[in-house]
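Since the structure comes first, as structure tokens, the remarks are kept for the end.
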Amino acid sequence: MQTFPLFANLTGRPVLVVGGGTVAERKAHALLDAGACVHLAAPQLTSQLQSWVDQGKVWLRGSHFDATWLDDVFLAVAATDDAAINKAVSDAAEARKKLVNVVDNPQLCSYIVPSIIDRSPVQIAISSNGTAPVLIRQLRQQLEAQIPQQLGNMAQIAGRWRDIVKKRLGSLSERRRFWESLFSSRFADAAQSGDTAGAEALLQAQLDRGVPQHGEVTLVGAGPGDPGLLTLNALQAIQHADIVFHDALITDEILALIRRDADRVPVGKRGGHHSVPQERINELLISHARKGLRVVRLKGGDPFVFGRGGEELHSVTDQGIPCRVIPGITAALGACAYAGIPLTHRDHSQSVLFVTGHTCRNENAIDWDTLARPRQTLVVYMGTVNAQKITRELTQRGRSADTPVAVVSHATRPSQKVYAGTLSALDNLAAQAAAPALFIIGEVAAAQQEKRLTDTETVASQLDTVVLDAA
Ligand SMILES: C[S@@+](CC[C@H](N)C(=O)[O-])C[C@H]1O[C@@H](n2cnc3c(N)ncnc32)[C@H](O)[C@@H]1O
């Protein structure tokens, strides 16, 4: 975070504006709207600034900036078209430890003024720290269109009822749940359509009903890494959770989307090494739900694909605790989409098999004849340590050593890499790939190489994807 965002209460507080043109006028206008006492320094004023001075709304301190005027103010704004004056204001403010904004000159600013979406009392501030004002303007337009005009009404009602709710609901987590369920109920529709009386009646009714006391567990699929692949339900669940138990595969970008004051507990497992045993994870989910908390178990990919989600679901529901499952995009789907490899192809592959390479050591657990069938795509999760054996078993059962393969590591992340070659080189390719990685074995894997030669504008090519011929 380059700057610390804050909303300043300027009511009745003096702020110095240096400049008398239209930009200074805009700044003075915004400051007056926020209730600030505007002090002005400029040799010439726009007619609007002059009329504010004449009406006593703005105090014209003098025509030329005097650094001692900074001693009386909380903030300063330099909005002249004279670079030397702007720099002098910035230097003097810095020396006096006053916050200063120099219009269109981020280097000279100690604070910046964000773009605002105003649904008072709700205000949304956005900023690129002076790097991309046009981008911010576009974003603001999009948000303006999406955020209901009457959002402020909802916030005003909530403000009026806050103390009453606080008296009725003792704990912070109860109150949070009350407001969350209220804001996603018919109350929101009534408030946003301006029906304040109807909204307040619904609020009262919900308060009389009280907050459900039991907790719940949600198994959430986080997908393979790109936060854009989270479902809307997954996003909502992690933003409502009181506590999130997450595995090691979850990327920082996704963890950053969890509600800030929710507890985050890593229970990661890597390469079969269990940092928290599964039984203990089950106990943690149950014990926290029993405290009445909304517990999220955030899992890489899809919870029910090689994720032990089924075990967690049953252990939780066996205790009578409600448990919901939110599917995620499994790594195979993400990897193939981002690498430009179709899982099926009407000429080459009519079926797909997802298997885990972990079980390869257990001879009875794998039906190699089925895996070696032609005209199918085989996706192997967690196969790295058994790559050699996979090649041996498949080729012994008739899969050609020349069958195309792709090893995709860090699928869907900016660090994604695709190592393409043939089945005979699988071990070599796998050895180069950083975990997590999976194998795609079958004719479709050749599509990646062909596509790279013909089409550079695909999703895959936007990532740092390399194709190595390790055969
Ligand atoms: C315990 S399994 C979890 C699979 C997960 N539930 C899913 O649906 O993708 C972990 C394995 O999934 C594969 N995997 C998960 N995320 C991946 C990614 N971003 N890129 C490549 N492989 C990934 C790797 O083979 C990894 O060893």
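Lettering and numbering for the structure tokens are positional, with chains as A, B, ... in the shown order, residues counted from 1 in each chain, and ligands counted from 1 in the shown order.
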Please provide the set of residues having any atom within 9 Å of A:Val379, restricted to only C-alpha atoms, with same-chain residues fewer than 6 positions apart removed, written as a PDB file with N, CA and C atoms, in the first residue's frame.
ATOM      1  N   ALA A 332      -7.329 -29.153 -13.441  1.00  0.00           N
ATOM      2  CA  ALA A 332      -7.257 -29.648 -14.830  1.00  0.00           C
ATOM      3  C   ALA A 332      -7.978 -28.703 -15.780  1.00  0.00           C
ATOM      4  N   LEU A 343      -9.662 -30.321 -23.565  1.00  0.00           N
ATOM      5  CA  LEU A 343      -9.630 -31.630 -22.888  1.00  0.00           C
ATOM      6  C   LEU A 343     -10.161 -32.721 -23.799  1.00  0.00           C
ATOM      7  N   VAL A 352     -12.289 -38.197 -20.998  1.00  0.00           N
ATOM      8  CA  VAL A 352     -11.266 -37.602 -20.129  1.00  0.00           C
ATOM      9  C   VAL A 352     -11.231 -38.385 -18.828  1.00  0.00           C
ATOM     10  N   LEU A 353     -10.050 -38.637 -18.340  1.00  0.00           N
ATOM     11  CA  LEU A 353      -9.910 -39.285 -17.026  1.00  0.00           C
ATOM     12  C   LEU A 353      -9.056 -38.400 -16.141  1.00  0.00           C
ATOM     13  N   PHE A 354      -9.521 -38.139 -14.925  1.00  0.00           N
ATOM     14  CA  PHE A 354      -8.700 -37.434 -13.940  1.00  0.00           C
ATOM     15  C   PHE A 354      -8.210 -38.479 -12.939  1.00  0.00           C
ATOM     16  N   VAL A 355      -6.923 -38.600 -12.759  1.00  0.00           N
ATOM     17  CA  VAL A 355      -6.410 -39.554 -11.766  1.00  0.00           C
ATOM     18  C   VAL A 355      -5.364 -38.865 -10.893  1.00  0.00           C
ATOM     19  N   THR A 356      -5.121 -39.465  -9.735  1.00  0.00           N
ATOM     20  CA  THR A 356      -4.064 -38.932  -8.895  1.00  0.00           C
ATOM     21  C   THR A 356      -2.848 -39.850  -8.966  1.00  0.00           C
ATOM     22  N   LEU A 438       0.508 -30.492 -12.952  1.00  0.00           N
ATOM     23  CA  LEU A 438      -0.222 -31.703 -13.364  1.00  0.00           C
ATOM     24  C   LEU A 438       0.154 -32.067 -14.789  1.00  0.00           C
ATOM     25  N   PHE A 439      -0.162 -33.317 -15.161  1.00  0.00           N
ATOM     26  CA  PHE A 439       0.193 -33.804 -16.497  1.00  0.00           C
ATOM     27  C   PHE A 439      -1.072 -33.951 -17.337  1.00  0.00           C
ATOM     28  N   ILE A 440      -0.954 -33.563 -18.590  1.00  0.00           N
ATOM     29  CA  ILE A 440      -2.034 -33.841 -19.542  1.00  0.00           C
ATOM     30  C   ILE A 440      -1.424 -34.763 -20.590  1.00  0.00           C
ATOM     31  N   ILE A 441      -1.980 -35.954 -20.680  1.00  0.00           N
ATOM     32  CA  ILE A 441      -1.401 -36.967 -21.568  1.00  0.00           C
ATOM     33  C   ILE A 441      -2.440 -37.317 -22.637  1.00  0.00           C
ATOM     34  N   GLY A 442      -2.062 -37.163 -23.882  1.00  0.00           N
ATOM     35  CA  GLY A 442      -2.990 -37.487 -24.967  1.00  0.00           C
ATOM     36  C   GLY A 442      -2.753 -36.550 -26.134  1.00  0.00           C
TER      37      GLY A 442
END
Using only C-alpha atoms and all ligand atoms, which residues of the polymer chains come no farther than 7 Å from ligand 1? I'd like the answer as a VMD selection string. chain A and resid 223 to 225 249 271 299 to 307 329 to 332 335 380 to 383 408 to 413 435 to 438
Minimum-distance residue to A:Thr317, chosen among A:Arg290, A:Arg209, A:Lys166, A:Arg96 (using only C-alpha atoms):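 Checking each candidate against A:Thr317, we get A:Arg290 as the closest.
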Applying 8 Å and only C-alpha atoms, which residues near stretch 424-427 of chain A remain after dropping the ones on its own chain fewer than 5 positions away? List them as a ChimeraX atom specification. /A:384,387-388,391,401-402,405,407,470-471
I want to know what sits within 7 Å of A:Arg264, based on only C-alpha atoms, with residues of the same chain fewer than 5 positions away left out; could you give that as a list in words?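 Using only C-alpha atoms, the neighbours found are Ile243, Val244 and Phe245 of chain A.
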Export of the given selection (C-alpha atoms) as a short mmCIF file (atom, residue, chain, number, x, y, z; two decimals), in the first residue's frame:
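Below is the file result.cif, written as the result:
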data_model
loop_
_atom_site.label_atom_id
_atom_site.label_comp_id
_atom_site.auth_asym_id
_atom_site.auth_seq_id
_atom_site.Cartn_x
_atom_site.Cartn_y
_atom_site.Cartn_z
CA ILE A 243 -12.94 -18.03 10.26
CA VAL A 244 -11.26 -19.56 7.20
CA PHE A 245 -9.21 -22.76 7.26
#
Exercise: A:His29 partners within 10 Å, only C-alpha atoms, chain neighbours under 3 positions left out, as a ChimeraX atom specification: /A:23-26,32-36,38,48-49,52,58
Could you please take those selected residues and save N, CA and C atoms as an mmCIF file, in the first residue's frame?
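The resulting file, out_15.cif, is shown below:
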data_model
loop_
_atom_site.group_PDB
_atom_site.id
_atom_site.type_symbol
_atom_site.label_atom_id
_atom_site.label_comp_id
_atom_site.auth_asym_id
_atom_site.auth_seq_id
_atom_site.Cartn_x
_atom_site.Cartn_y
_atom_site.Cartn_z
ATOM 1 N N VAL A 23 -9.121 25.587 -11.149
ATOM 2 C CA VAL A 23 -8.764 24.378 -10.381
ATOM 3 C C VAL A 23 -8.867 24.674 -8.884
ATOM 4 N N ALA A 24 -8.346 25.845 -8.489
ATOM 5 C CA ALA A 24 -8.443 26.232 -7.079
ATOM 6 C C ALA A 24 -9.913 26.355 -6.675
ATOM 7 N N GLU A 25 -10.714 26.871 -7.608
ATOM 8 C CA GLU A 25 -12.152 27.015 -7.307
ATOM 9 C C GLU A 25 -12.794 25.645 -7.041
ATOM 10 N N ARG A 26 -12.425 24.662 -7.898
ATOM 11 C CA ARG A 26 -12.981 23.304 -7.704
ATOM 12 C C ARG A 26 -12.583 22.744 -6.353
ATOM 13 N N LEU A 32 -15.487 23.336 0.828
ATOM 14 C CA LEU A 32 -16.661 23.970 1.455
ATOM 15 C C LEU A 32 -17.770 22.940 1.655
ATOM 16 N N ASP A 33 -17.953 22.068 0.640
ATOM 17 C CA ASP A 33 -18.972 21.019 0.754
ATOM 18 C C ASP A 33 -18.701 20.119 1.956
ATOM 19 N N ALA A 34 -17.411 19.917 2.258
ATOM 20 C CA ALA A 34 -17.057 19.052 3.393
ATOM 21 C C ALA A 34 -17.066 19.828 4.712
ATOM 22 N N GLY A 35 -17.452 21.116 4.645
ATOM 23 C CA GLY A 35 -17.594 21.894 5.890
ATOM 24 C C GLY A 35 -16.314 22.582 6.337
ATOM 25 N N ALA A 36 -15.258 22.564 5.487
ATOM 26 C CA ALA A 36 -13.988 23.168 5.903
ATOM 27 C C ALA A 36 -14.072 24.700 5.845
ATOM 28 N N VAL A 38 -12.254 27.629 4.388
ATOM 29 C CA VAL A 38 -11.242 27.755 3.337
ATOM 30 C C VAL A 38 -10.514 29.099 3.463
ATOM 31 N N GLN A 48 -16.451 33.213 -9.173
ATOM 32 C CA GLN A 48 -17.076 32.402 -8.121
ATOM 33 C C GLN A 48 -16.292 32.529 -6.807
ATOM 34 N N LEU A 49 -14.953 32.418 -6.916
ATOM 35 C CA LEU A 49 -14.138 32.548 -5.692
ATOM 36 C C LEU A 49 -14.346 33.940 -5.081
ATOM 37 N N TRP A 52 -17.545 34.067 -3.210
ATOM 38 C CA TRP A 52 -17.466 33.379 -1.897
ATOM 39 C C TRP A 52 -16.726 34.260 -0.880
ATOM 40 N N VAL A 58 -15.334 32.319 2.228
ATOM 41 C CA VAL A 58 -13.907 32.004 2.078
ATOM 42 C C VAL A 58 -13.126 33.214 2.574
#
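Among the candidate residues A:Val134, A:Leu232, A:Val217, A:Ile390, the one lying nearest to A:Ser315 is A:Val217, with distances computed using only C-alpha atoms.
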Long-range neighbours of A:Val295 as a PyMOL selection string, 12 Å cut-off, only C-alpha atoms, 4 positions minimum in chain: chain A and resi 214-220+237-246+262-265+281-282+284-291+316+321-325
Straight-line distance linking atom CA of A:Ile117 with atom CA of A:Thr11, stated in Å to one decimal: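 Those two atoms sit 19.7 Å apart.
Taking only stretch 106-178 of chain A, the residues that DSSP calls strand (DSSP E) from the backbone come to Ser115, Ile116, Ile117, Asp118, Arg119, Val122, Gln123, Ile124, Ala125 and Ile126 of chain A.
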Save the residues we just selected, N, CA, C and O atoms, as a CSV table (one decimal), in the first residue's frame?
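And here's selection.csv as it stands now:
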chain,number,residue,atom,x,y,z
A,115,SER,N,-10.8,9.8,-6.1
A,115,SER,CA,-12.0,10.0,-6.8
A,115,SER,C,-13.1,9.4,-5.9
A,115,SER,O,-12.9,8.4,-5.2
A,116,ILE,N,-14.3,10.1,-5.9
A,116,ILE,CA,-15.3,9.7,-4.9
A,116,ILE,C,-16.6,9.3,-5.6
A,116,ILE,O,-17.1,9.9,-6.5
A,117,ILE,N,-17.2,8.2,-5.1
A,117,ILE,CA,-18.6,7.9,-5.4
A,117,ILE,C,-19.4,8.2,-4.1
A,117,ILE,O,-19.1,7.6,-3.1
A,118,ASP,N,-20.3,9.2,-4.3
A,118,ASP,CA,-20.9,9.7,-3.1
A,118,ASP,C,-22.4,9.2,-2.9
A,118,ASP,O,-23.2,9.5,-3.7
A,119,ARG,N,-22.6,8.3,-1.9
A,119,ARG,CA,-23.9,7.9,-1.6
A,119,ARG,C,-24.1,8.2,-0.1
A,119,ARG,O,-24.3,7.3,0.7
A,122,VAL,N,-22.6,6.9,2.8
A,122,VAL,CA,-21.6,6.0,2.2
A,122,VAL,C,-20.8,6.7,1.2
A,122,VAL,O,-21.3,7.4,0.3
A,123,GLN,N,-19.5,6.7,1.3
A,123,GLN,CA,-18.6,7.3,0.3
A,123,GLN,C,-17.6,6.2,-0.1
A,123,GLN,O,-17.0,5.5,0.7
A,124,ILE,N,-17.4,6.1,-1.4
A,124,ILE,CA,-16.4,5.1,-1.9
A,124,ILE,C,-15.2,5.9,-2.5
A,124,ILE,O,-15.5,6.7,-3.4
A,125,ALA,N,-14.0,5.8,-2.1
A,125,ALA,CA,-12.9,6.5,-2.6
A,125,ALA,C,-12.0,5.6,-3.4
A,125,ALA,O,-11.7,4.5,-2.9
A,126,ILE,N,-11.6,6.0,-4.6
A,126,ILE,CA,-10.7,5.2,-5.4
A,126,ILE,C,-9.5,6.0,-5.9
A,126,ILE,O,-9.7,7.2,-6.2
Name all residues at most 12 Å from A:Thr196 (count only C-alpha atoms; drop same-chain ones fewer than 2 positions away) and give them as a list in words.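 So, after excluding close chain neighbours, the residues are Gln150, Leu151, Gly152, Asn153, Met154, Ala155, Gln156, Ile157, Ala158, Arg160, Phe187, Ala188, Asp189, Ala190, Ala191, Gln192, Ser193, Gly194, Gly198, Ala199, Glu200, Ala201, Leu202 and Leu203 of chain A.
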